[in-house]
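> File run.cif below, mmCIF, C-alpha atoms and all ligand atoms:
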data_target
loop_
_atom_site.group_PDB
_atom_site.id
_atom_site.type_symbol
_atom_site.label_atom_id
_atom_site.label_comp_id
_atom_site.auth_asym_id
_atom_site.auth_seq_id
_atom_site.Cartn_x
_atom_site.Cartn_y
_atom_site.Cartn_z
ATOM 1 C CA MET G 1 6.573 -5.988 -3.825
ATOM 2 C CA THR G 2 4.206 -7.069 -1.120
ATOM 3 C CA PHE G 3 4.321 -5.245 2.149
ATOM 4 C CA GLN G 4 2.543 -7.002 4.938
ATOM 5 C CA LEU G 5 0.915 -4.501 7.293
ATOM 6 C CA SER G 6 1.896 -6.055 10.616
ATOM 7 C CA GLU G 7 -0.749 -6.471 13.181
ATOM 8 C CA GLN G 8 -0.046 -3.894 15.869
ATOM 9 C CA THR G 9 0.806 -5.635 19.104
ATOM 10 C CA ALA G 10 1.887 -2.509 20.944
ATOM 11 C CA THR G 11 0.725 -2.089 24.503
ATOM 12 C CA SER G 12 1.526 1.615 24.753
ATOM 13 C CA LYS G 13 1.757 4.575 22.417
ATOM 14 C CA PRO G 14 5.584 4.798 22.533
ATOM 15 C CA ASP G 15 5.642 1.071 21.766
ATOM 16 C CA LEU G 16 3.280 1.561 18.819
ATOM 17 C CA TYR G 17 5.513 4.303 17.393
ATOM 18 C CA ALA G 18 8.613 2.134 17.937
ATOM 19 C CA GLN G 19 6.982 -0.644 15.850
ATOM 20 C CA LEU G 20 5.815 1.851 13.271
ATOM 21 C CA THR G 21 9.298 3.351 13.002
ATOM 22 C CA SER G 22 10.801 -0.008 12.192
ATOM 23 C CA GLN G 23 8.015 -0.827 9.677
ATOM 24 C CA MET G 24 8.490 2.561 8.038
ATOM 25 C CA ARG G 25 12.240 1.989 7.595
ATOM 26 C CA SER G 26 11.529 -1.333 5.845
ATOM 27 C CA LEU G 27 8.764 0.155 3.714
ATOM 28 C CA LEU G 28 10.917 3.019 2.412
ATOM 29 C CA ALA G 29 14.150 1.039 2.048
ATOM 30 C CA GLY G 30 15.407 0.787 -1.524
ATOM 31 C CA GLU G 31 13.329 3.634 -2.960
ATOM 32 C CA ARG G 32 14.359 7.299 -2.997
ATOM 33 C CA ASP G 33 11.513 8.919 -4.904
ATOM 34 C CA LEU G 34 9.850 11.415 -2.547
ATOM 35 C CA ILE G 35 6.329 11.131 -3.955
ATOM 36 C CA ALA G 36 6.387 7.314 -3.951
ATOM 37 C CA ASN G 37 7.732 7.262 -0.396
ATOM 38 C CA ALA G 38 5.266 9.932 0.772
ATOM 39 C CA ALA G 39 2.392 7.890 -0.698
ATOM 40 C CA ASN G 40 3.412 4.714 1.141
ATOM 41 C CA PHE G 41 4.188 6.758 4.269
ATOM 42 C CA SER G 42 0.669 8.194 4.417
ATOM 43 C CA SER G 43 -0.851 4.755 3.821
ATOM 44 C CA LEU G 44 1.137 3.106 6.613
ATOM 45 C CA VAL G 45 0.330 5.866 9.123
ATOM 46 C CA PHE G 46 -3.345 5.874 8.121
ATOM 47 C CA HIS G 47 -3.688 2.120 8.579
ATOM 48 C CA ALA G 48 -1.473 1.744 11.653
ATOM 49 C CA LEU G 49 -2.796 4.532 13.858
ATOM 50 C CA PRO G 50 -6.222 4.026 15.411
ATOM 51 C CA ASP G 51 -8.984 6.627 15.056
ATOM 52 C CA VAL G 52 -7.541 8.500 12.091
ATOM 53 C CA ASN G 53 -9.708 9.684 9.181
ATOM 54 C CA TRP G 54 -7.072 11.538 7.111
ATOM 55 C CA ALA G 55 -3.278 11.378 6.838
ATOM 56 C CA GLY G 56 -1.293 13.127 4.150
ATOM 57 C CA PHE G 57 1.078 15.706 2.808
ATOM 58 C CA TYR G 58 1.077 19.276 1.602
ATOM 59 C CA PHE G 59 4.279 20.278 -0.198
ATOM 60 C CA LEU G 60 5.616 23.825 -0.472
ATOM 61 C CA LYS G 61 5.406 24.944 -4.100
ATOM 62 C CA ASP G 62 5.840 28.546 -5.271
ATOM 63 C CA GLY G 63 5.235 29.889 -1.788
ATOM 64 C CA GLU G 64 2.077 27.948 -0.918
ATOM 65 C CA LEU G 65 1.175 24.470 0.323
ATOM 66 C CA VAL G 66 -0.124 22.127 -2.366
ATOM 67 C CA LEU G 67 -1.843 18.794 -1.674
ATOM 68 C CA GLY G 68 0.402 15.728 -2.006
ATOM 69 C CA PRO G 69 -0.110 11.991 -1.408
ATOM 70 C CA PHE G 70 -2.712 11.199 1.243
ATOM 71 C CA GLN G 71 -5.231 8.672 2.549
ATOM 72 C CA GLY G 72 -8.769 9.707 3.397
ATOM 73 C CA LYS G 73 -11.461 11.772 1.720
ATOM 74 C CA PRO G 74 -10.566 14.288 -1.018
ATOM 75 C CA ALA G 75 -9.088 17.426 0.561
ATOM 76 C CA CYS G 76 -8.464 21.148 -0.024
ATOM 77 C CA ILE G 77 -5.769 21.521 -2.669
ATOM 78 C CA ARG G 78 -3.953 24.758 -1.827
ATOM 79 C CA ILE G 79 -3.302 26.323 1.588
ATOM 80 C CA ALA G 80 -1.541 29.671 2.031
ATOM 81 C CA ILE G 81 1.373 29.868 4.464
ATOM 82 C CA GLY G 82 -0.023 31.137 7.774
ATOM 83 C CA LYS G 83 -3.549 29.863 7.060
ATOM 84 C CA GLY G 84 -5.256 26.976 8.849
ATOM 85 C CA VAL G 85 -3.393 24.500 11.010
ATOM 86 C CA CYS G 86 -1.179 23.381 8.112
ATOM 87 C CA GLY G 87 -0.212 26.903 7.054
ATOM 88 C CA THR G 88 0.470 27.872 10.670
ATOM 89 C CA ALA G 89 2.720 24.830 11.272
ATOM 90 C CA ALA G 90 4.554 25.676 8.041
ATOM 91 C CA GLU G 91 4.978 29.341 8.994
ATOM 92 C CA GLN G 92 6.139 28.585 12.546
ATOM 93 C CA ARG G 93 8.117 25.501 11.460
ATOM 94 C CA GLN G 94 6.705 23.755 14.490
ATOM 95 C CA THR G 95 4.508 20.770 15.184
ATOM 96 C CA ILE G 96 0.994 21.874 16.100
ATOM 97 C CA LEU G 97 -1.398 19.755 18.150
ATOM 98 C CA VAL G 98 -5.041 20.825 18.000
ATOM 99 C CA ALA G 99 -7.309 19.086 20.517
ATOM 100 C CA ASN G 100 -10.466 20.629 19.040
ATOM 101 C CA VAL G 101 -10.208 21.970 15.496
ATOM 102 C CA HIS G 102 -13.404 23.985 15.972
ATOM 103 C CA ASP G 103 -11.550 26.132 18.518
ATOM 104 C CA PHE G 104 -8.589 26.818 16.204
ATOM 105 C CA PRO G 105 -8.965 30.246 14.592
ATOM 106 C CA GLY G 106 -8.889 29.881 10.811
ATOM 107 C CA HIS G 107 -9.007 26.084 10.824
ATOM 108 C CA ILE G 108 -9.695 24.824 7.298
ATOM 109 C CA ALA G 109 -12.359 22.105 7.366
ATOM 110 C CA CYS G 110 -11.713 19.611 4.564
ATOM 111 C CA ASP G 111 -13.541 16.686 6.150
ATOM 112 C CA ASN G 112 -16.433 17.394 8.514
ATOM 113 C CA ASP G 113 -15.577 14.216 10.433
ATOM 114 C CA SER G 114 -12.324 15.740 11.716
ATOM 115 C CA ASN G 115 -12.335 16.979 15.302
ATOM 116 C CA SER G 116 -8.650 16.970 16.246
ATOM 117 C CA GLU G 117 -5.469 17.276 14.249
ATOM 118 C CA VAL G 118 -1.678 17.209 14.374
ATOM 119 C CA VAL G 119 0.549 18.845 11.769
ATOM 120 C CA VAL G 120 4.302 18.200 11.521
ATOM 121 C CA PRO G 121 6.495 20.444 9.345
ATOM 122 C CA LEU G 122 8.918 18.749 6.930
ATOM 123 C CA ILE G 123 12.274 20.448 7.259
ATOM 124 C CA ALA G 124 15.432 19.336 5.441
ATOM 125 C CA GLY G 125 18.400 21.281 6.781
ATOM 126 C CA GLU G 126 17.078 24.852 6.731
ATOM 127 C CA ARG G 127 14.559 24.214 3.984
ATOM 128 C CA LEU G 128 10.810 23.885 4.564
ATOM 129 C CA LEU G 129 9.481 21.179 2.231
ATOM 130 C CA GLY G 130 5.883 21.064 3.406
ATOM 131 C CA VAL G 131 3.837 19.493 6.176
ATOM 132 C CA PHE G 132 2.406 16.121 7.191
ATOM 133 C CA ASP G 133 -1.148 16.357 8.535
ATOM 134 C CA VAL G 134 -3.130 13.731 10.478
ATOM 135 C CA ASP G 135 -6.803 14.189 11.407
ATOM 136 C CA SER G 136 -9.059 12.283 13.798
ATOM 137 C CA PRO G 137 -12.803 12.164 14.389
ATOM 138 C CA LEU G 138 -12.057 12.030 18.149
ATOM 139 C CA LEU G 139 -11.526 15.164 20.222
ATOM 140 C CA GLY G 140 -8.049 15.348 21.793
ATOM 141 C CA ARG G 141 -6.819 12.300 19.851
ATOM 142 C CA PHE G 142 -3.178 13.480 19.607
ATOM 143 C CA ASP G 143 -0.685 14.264 22.368
ATOM 144 C CA ASP G 144 3.046 14.890 22.792
ATOM 145 C CA GLU G 145 3.810 11.185 22.269
ATOM 146 C CA ASP G 146 2.102 11.352 18.866
ATOM 147 C CA ALA G 147 4.004 14.537 18.054
ATOM 148 C CA ASP G 148 7.334 12.869 18.980
ATOM 149 C CA GLY G 149 6.495 9.654 17.118
ATOM 150 C CA LEU G 150 5.335 11.441 13.973
ATOM 151 C CA ASN G 151 8.407 13.696 14.000
ATOM 152 C CA ARG G 152 10.642 10.626 14.089
ATOM 153 C CA LEU G 153 8.696 9.073 11.198
ATOM 154 C CA VAL G 154 8.911 12.265 9.128
ATOM 155 C CA GLU G 155 12.671 12.347 9.703
ATOM 156 C CA ILE G 156 12.899 8.805 8.288
ATOM 157 C CA LEU G 157 11.015 9.936 5.182
ATOM 158 C CA ILE G 158 13.278 12.948 4.646
ATOM 159 C CA ASN G 159 16.449 10.886 5.073
ATOM 160 C CA ALA G 160 15.103 8.119 2.826
ATOM 161 C CA SER G 161 14.145 10.332 -0.113
ATOM 162 C CA ASN G 162 15.949 12.268 -2.832
ATOM 163 C CA GLY G 163 15.617 15.919 -3.556
ATOM 164 C CA VAL G 164 14.918 16.775 0.013
ATOM 165 C CA SER G 165 18.190 16.469 1.883
HETATM 166 N N1 LIG X 201 -7.433 21.155 8.536
HETATM 167 C C1 LIG X 201 -6.279 21.586 7.800
HETATM 168 C C2 LIG X 201 -6.515 21.498 6.305
HETATM 169 C C3 LIG X 201 -6.092 20.226 5.710
HETATM 170 S S1 LIG X 201 -7.187 18.987 5.967
HETATM 171 O O1 LIG X 201 -7.448 18.748 7.362
HETATM 172 C C4 LIG X 201 -6.784 17.635 5.149
HETATM 173 C C5 LIG X 201 -5.901 22.992 8.178
HETATM 174 O O2 LIG X 201 -6.616 23.664 8.926
HETATM 175 O O3 LIG X 201 -4.850 23.442 7.724
#
Have the structure of the file written as structure tokens, please.
Ligand code: SME


Amino acid sequence: MTFQLSEQTATSKPDLYAQLTSQMRSLLAGERDLIANAANFSSLVFHALPDVNWAGFYFLKDGELVLGPFQGKPACIRIAIGKGVCGTAAEQRQTILVANVHDFPGHIACDNDSNSEVVVPLIAGERLLGVFDVDSPLLGRFDDEDADGLNRLVEILINASNGVS
């Protein structure tokens, strides 16, 4: 399979996420393995969104978050629920936008280049599966449009994969 990463022609952020949503559907179509889909998911987001230095998953295993497929530098492997931005998003089951990670109490620094971050929980029905985390070297890189767009993308992943819905 060859997947051509389309050149982004979007003129606005909602437009960019609309294009990305359609690319993501095509990329995940025909495969239902969660890890394979999560790996391609993180690659597409990493390459399609500007100013991103890390994009990847932590999955809930035996009560803690464990590193899954990602793009970027090697990262912390295990994060307790309630710890860091990822553990807090998992505990609250809510998307968390952090404009400046250095101001977030308990932020876990995996890559010193990261200055802002967004974490989206993965929820299938009532079940918390893990989180999707995106980091940027820019301060205030992510806003509500990113949160909405990433939530839509995560929903595509959950619906496209086995063992999670
Ligand atoms: N910064 C995250 C840890 C994961 S890395 O950014 C890849 C946190 O505070 O939970």

> List, as a ChimeraX atom specification, every residue that the PyMOL selection byres (((chain G and resi 48-51) around 12) and not hetatm) selects in the file provided.

/G:4-10,13,16-21,23-24,40-47,52-55,113-117,134-142,146,149-150

> With C-alpha atoms retained, export the selected residues as a tab-separated table (two decimals), keeping the file's coordinate frame.


chain	number	residue	atom	x	y	z
G	4	GLN	CA	2.54	-7.00	4.94
G	5	LEU	CA	0.92	-4.50	7.29
G	6	SER	CA	1.90	-6.06	10.62
G	7	GLU	CA	-0.75	-6.47	13.18
G	8	GLN	CA	-0.05	-3.89	15.87
G	9	THR	CA	0.81	-5.64	19.10
G	10	ALA	CA	1.89	-2.51	20.94
G	13	LYS	CA	1.76	4.58	22.42
G	16	LEU	CA	3.28	1.56	18.82
G	17	TYR	CA	5.51	4.30	17.39
G	18	ALA	CA	8.61	2.13	17.94
G	19	GLN	CA	6.98	-0.64	15.85
G	20	LEU	CA	5.82	1.85	13.27
G	21	THR	CA	9.30	3.35	13.00
G	23	GLN	CA	8.02	-0.83	9.68
G	24	MET	CA	8.49	2.56	8.04
G	40	ASN	CA	3.41	4.71	1.14
G	41	PHE	CA	4.19	6.76	4.27
G	42	SER	CA	0.67	8.19	4.42
G	43	SER	CA	-0.85	4.76	3.82
G	44	LEU	CA	1.14	3.11	6.61
G	45	VAL	CA	0.33	5.87	9.12
G	46	PHE	CA	-3.34	5.87	8.12
G	47	HIS	CA	-3.69	2.12	8.58
G	52	VAL	CA	-7.54	8.50	12.09
G	53	ASN	CA	-9.71	9.68	9.18
G	54	TRP	CA	-7.07	11.54	7.11
G	55	ALA	CA	-3.28	11.38	6.84
G	113	ASP	CA	-15.58	14.22	10.43
G	114	SER	CA	-12.32	15.74	11.72
G	115	ASN	CA	-12.34	16.98	15.30
G	116	SER	CA	-8.65	16.97	16.25
G	117	GLU	CA	-5.47	17.28	14.25
G	134	VAL	CA	-3.13	13.73	10.48
G	135	ASP	CA	-6.80	14.19	11.41
G	136	SER	CA	-9.06	12.28	13.80
G	137	PRO	CA	-12.80	12.16	14.39
G	138	LEU	CA	-12.06	12.03	18.15
G	139	LEU	CA	-11.53	15.16	20.22
G	140	GLY	CA	-8.05	15.35	21.79
G	141	ARG	CA	-6.82	12.30	19.85
G	142	PHE	CA	-3.18	13.48	19.61
G	146	ASP	CA	2.10	11.35	18.87
G	149	GLY	CA	6.50	9.65	17.12
G	150	LEU	CA	5.34	11.44	13.97

> Box for ligand LIG 201 (chain X) - axis-aligned, 3 Å on each of the six sides, all listed atoms - centre and size in Å to one decimal, as JSON.


{"center_x": -6.1, "center_y": 20.6, "center_z": 7.0, "size_x": 8.6, "size_y": 12.0, "size_z": 9.8}

> Considering all atoms listed in the file, state which residue in the set G:Glu91, G:Asp15, G:Asp133, G:Asp144 is at the smallest distance from Gln71 in chain G.

G:Asp133

> Mind listing the residues within 6 Å of ligand LIG 201 (chain X), only C-alpha atoms and all ligand atoms counted, as a PyMOL selection string?

chain G and resi 75+84-87+107-110

> Give me, as a list in words, all polymer residues having an atom no more than 12 Å from Ala89 in chain G, counting only C-alpha atoms and skipping those fewer than 4 positions away in the same chain.

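Contacts, with the query itself left out: Tyr58, Leu65, Ile79, Ala80, Ile81, Gly82, Lys83, Gly84, Val85, Arg93, Gln94, Thr95, Ile96, Leu97, Val98, His107, Glu117, Val118, Val119, Val120, Pro121, Leu122, Ile123, Leu128, Leu129, Gly130, Val131, Phe132 and Asp133 of chain G.
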
> Nearest to Leu60 in chain G among G:Cys76, G:Ala90, G:Ala39, G:Leu157, with distances taken over only C-alpha atoms: which residue is it?

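Ranking G:Cys76, G:Ala90, G:Ala39, G:Leu157 by distance to Leu60 in chain G, first place goes to G:Ala90.
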
> Could you check how far CA of Asn159 in chain G sits from CA of Ala124 in chain G, in Å to one decimal?

8.5 Å

> Quick one: residues within 12 Å of Asn37 in chain G, all atoms listed in the file, excluding same-chain residues fewer than 3 positions away - as a ChimeraX atom specification?

/G:24-34,40-44,56-57,68-70,153-154,156-162,164

> Write the selection just made, keeping C-alpha atoms, as a PDB file, in the frame of the given file?


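result26.pdb, written as the output of this step:
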ATOM      1  CA  MET G  24       8.490   2.561   8.038  1.00  0.00           C
ATOM      2  CA  ARG G  25      12.240   1.989   7.595  1.00  0.00           C
ATOM      3  CA  SER G  26      11.529  -1.333   5.845  1.00  0.00           C
ATOM      4  CA  LEU G  27       8.764   0.155   3.714  1.00  0.00           C
ATOM      5  CA  LEU G  28      10.917   3.019   2.412  1.00  0.00           C
ATOM      6  CA  ALA G  29      14.150   1.039   2.048  1.00  0.00           C
ATOM      7  CA  GLY G  30      15.407   0.787  -1.524  1.00  0.00           C
ATOM      8  CA  GLU G  31      13.329   3.634  -2.960  1.00  0.00           C
ATOM      9  CA  ARG G  32      14.359   7.299  -2.997  1.00  0.00           C
ATOM     10  CA  ASP G  33      11.513   8.919  -4.904  1.00  0.00           C
ATOM     11  CA  LEU G  34       9.850  11.415  -2.547  1.00  0.00           C
ATOM     12  CA  ASN G  40       3.412   4.714   1.141  1.00  0.00           C
ATOM     13  CA  PHE G  41       4.188   6.758   4.269  1.00  0.00           C
ATOM     14  CA  SER G  42       0.669   8.194   4.417  1.00  0.00           C
ATOM     15  CA  SER G  43      -0.851   4.755   3.821  1.00  0.00           C
ATOM     16  CA  LEU G  44       1.137   3.106   6.613  1.00  0.00           C
ATOM     17  CA  GLY G  56      -1.293  13.127   4.150  1.00  0.00           C
ATOM     18  CA  PHE G  57       1.078  15.706   2.808  1.00  0.00           C
ATOM     19  CA  GLY G  68       0.402  15.728  -2.006  1.00  0.00           C
ATOM     20  CA  PRO G  69      -0.110  11.991  -1.408  1.00  0.00           C
ATOM     21  CA  PHE G  70      -2.712  11.199   1.243  1.00  0.00           C
ATOM     22  CA  LEU G 153       8.696   9.073  11.198  1.00  0.00           C
ATOM     23  CA  VAL G 154       8.911  12.265   9.128  1.00  0.00           C
ATOM     24  CA  ILE G 156      12.899   8.805   8.288  1.00  0.00           C
ATOM     25  CA  LEU G 157      11.015   9.936   5.182  1.00  0.00           C
ATOM     26  CA  ILE G 158      13.278  12.948   4.646  1.00  0.00           C
ATOM     27  CA  ASN G 159      16.449  10.886   5.073  1.00  0.00           C
ATOM     28  CA  ALA G 160      15.103   8.119   2.826  1.00  0.00           C
ATOM     29  CA  SER G 161      14.145  10.332  -0.113  1.00  0.00           C
ATOM     30  CA  ASN G 162      15.949  12.268  -2.832  1.00  0.00           C
ATOM     31  CA  VAL G 164      14.918  16.775   0.013  1.00  0.00           C
TER      32      VAL G 164
END

> Counting only C-alpha atoms, figure out which residue out of G:Ser22, G:Lys61, G:Ala38, G:Pro74 gets nearest to Asn112 in chain G.

G:Pro74

> What separation in Å, quoted to one decimal, exists between CA of Glu64 in chain G and CA of Arg78 in chain G?

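The value is 6.9 Å.
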
> Please indicate the distance in Å from CA of Ala36 in chain G to CA of Leu67 in chain G, rounded to one decimal place.

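Atom-to-atom, CA of Ala36 in chain G and CA of Leu67 in chain G are spaced 14.3 Å apart.
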
> Please produce range 34-61 of chain G, completed to N, CA and C atoms, as a CSV table (one decimal), in the coordinates of the input.


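Contents of the output file out.csv:
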chain,number,residue,atom,x,y,z
G,34,LEU,N,10.6,10.8,-3.6
G,34,LEU,CA,9.8,11.4,-2.5
G,34,LEU,C,8.4,11.2,-2.6
G,35,ILE,N,7.8,11.3,-3.8
G,35,ILE,CA,6.3,11.1,-4.0
G,35,ILE,C,5.9,9.7,-3.7
G,36,ALA,N,6.7,8.7,-4.2
G,36,ALA,CA,6.4,7.3,-4.0
G,36,ALA,C,6.5,7.0,-2.5
G,37,ASN,N,7.6,7.5,-1.8
G,37,ASN,CA,7.7,7.3,-0.4
G,37,ASN,C,6.7,8.0,0.4
G,38,ALA,N,6.3,9.2,0.0
G,38,ALA,CA,5.3,9.9,0.8
G,38,ALA,C,3.9,9.2,0.7
G,39,ALA,N,3.7,8.6,-0.5
G,39,ALA,CA,2.4,7.9,-0.7
G,39,ALA,C,2.3,6.7,0.2
G,40,ASN,N,3.4,5.9,0.2
G,40,ASN,CA,3.4,4.7,1.1
G,40,ASN,C,3.4,5.1,2.6
G,41,PHE,N,4.1,6.2,2.9
G,41,PHE,CA,4.2,6.8,4.3
G,41,PHE,C,2.8,7.1,4.8
G,42,SER,N,2.0,7.8,4.0
G,42,SER,CA,0.7,8.2,4.4
G,42,SER,C,-0.2,7.0,4.6
G,43,SER,N,-0.1,6.0,3.7
G,43,SER,CA,-0.9,4.8,3.8
G,43,SER,C,-0.5,4.0,5.1
G,44,LEU,N,0.8,3.9,5.4
G,44,LEU,CA,1.1,3.1,6.6
G,44,LEU,C,0.6,3.8,7.9
G,45,VAL,N,0.8,5.1,7.9
G,45,VAL,CA,0.3,5.9,9.1
G,45,VAL,C,-1.2,5.8,9.2
G,46,PHE,N,-1.9,5.9,8.1
G,46,PHE,CA,-3.3,5.9,8.1
G,46,PHE,C,-3.9,4.5,8.6
G,47,HIS,N,-3.2,3.4,8.2
G,47,HIS,CA,-3.7,2.1,8.6
G,47,HIS,C,-3.2,1.7,9.9
G,48,ALA,N,-2.1,2.2,10.4
G,48,ALA,CA,-1.5,1.7,11.7
G,48,ALA,C,-2.0,2.5,12.9
G,49,LEU,N,-2.3,3.8,12.7
G,49,LEU,CA,-2.8,4.5,13.9
G,49,LEU,C,-4.3,4.4,14.0
G,50,PRO,N,-4.8,4.1,15.2
G,50,PRO,CA,-6.2,4.0,15.4
G,50,PRO,C,-6.9,5.4,15.4
G,51,ASP,N,-8.2,5.4,15.0
G,51,ASP,CA,-9.0,6.6,15.1
G,51,ASP,C,-8.4,7.8,14.2
G,52,VAL,N,-8.1,7.5,13.0
G,52,VAL,CA,-7.5,8.5,12.1
G,52,VAL,C,-8.4,8.5,10.8
G,53,ASN,N,-8.9,9.7,10.4
G,53,ASN,CA,-9.7,9.7,9.2
G,53,ASN,C,-9.0,10.4,8.0
G,54,TRP,N,-7.8,10.9,8.2
G,54,TRP,CA,-7.1,11.5,7.1
G,54,TRP,C,-5.6,11.6,7.5
G,55,ALA,N,-4.7,11.3,6.6
G,55,ALA,CA,-3.3,11.4,6.8
G,55,ALA,C,-2.6,11.7,5.5
G,56,GLY,N,-1.9,12.8,5.4
G,56,GLY,CA,-1.3,13.1,4.2
G,56,GLY,C,-0.4,14.4,4.2
G,57,PHE,N,0.1,14.7,3.0
G,57,PHE,CA,1.1,15.7,2.8
G,57,PHE,C,0.6,16.9,2.1
G,58,TYR,N,1.1,18.1,2.4
G,58,TYR,CA,1.1,19.3,1.6
G,58,TYR,C,2.5,19.7,1.4
G,59,PHE,N,2.9,19.9,0.1
G,59,PHE,CA,4.3,20.3,-0.2
G,59,PHE,C,4.3,21.7,-0.6
G,60,LEU,N,5.4,22.4,-0.2
G,60,LEU,CA,5.6,23.8,-0.5
G,60,LEU,C,6.0,24.0,-1.9
G,61,LYS,N,5.1,24.7,-2.7
G,61,LYS,CA,5.4,24.9,-4.1
G,61,LYS,C,5.1,26.4,-4.4
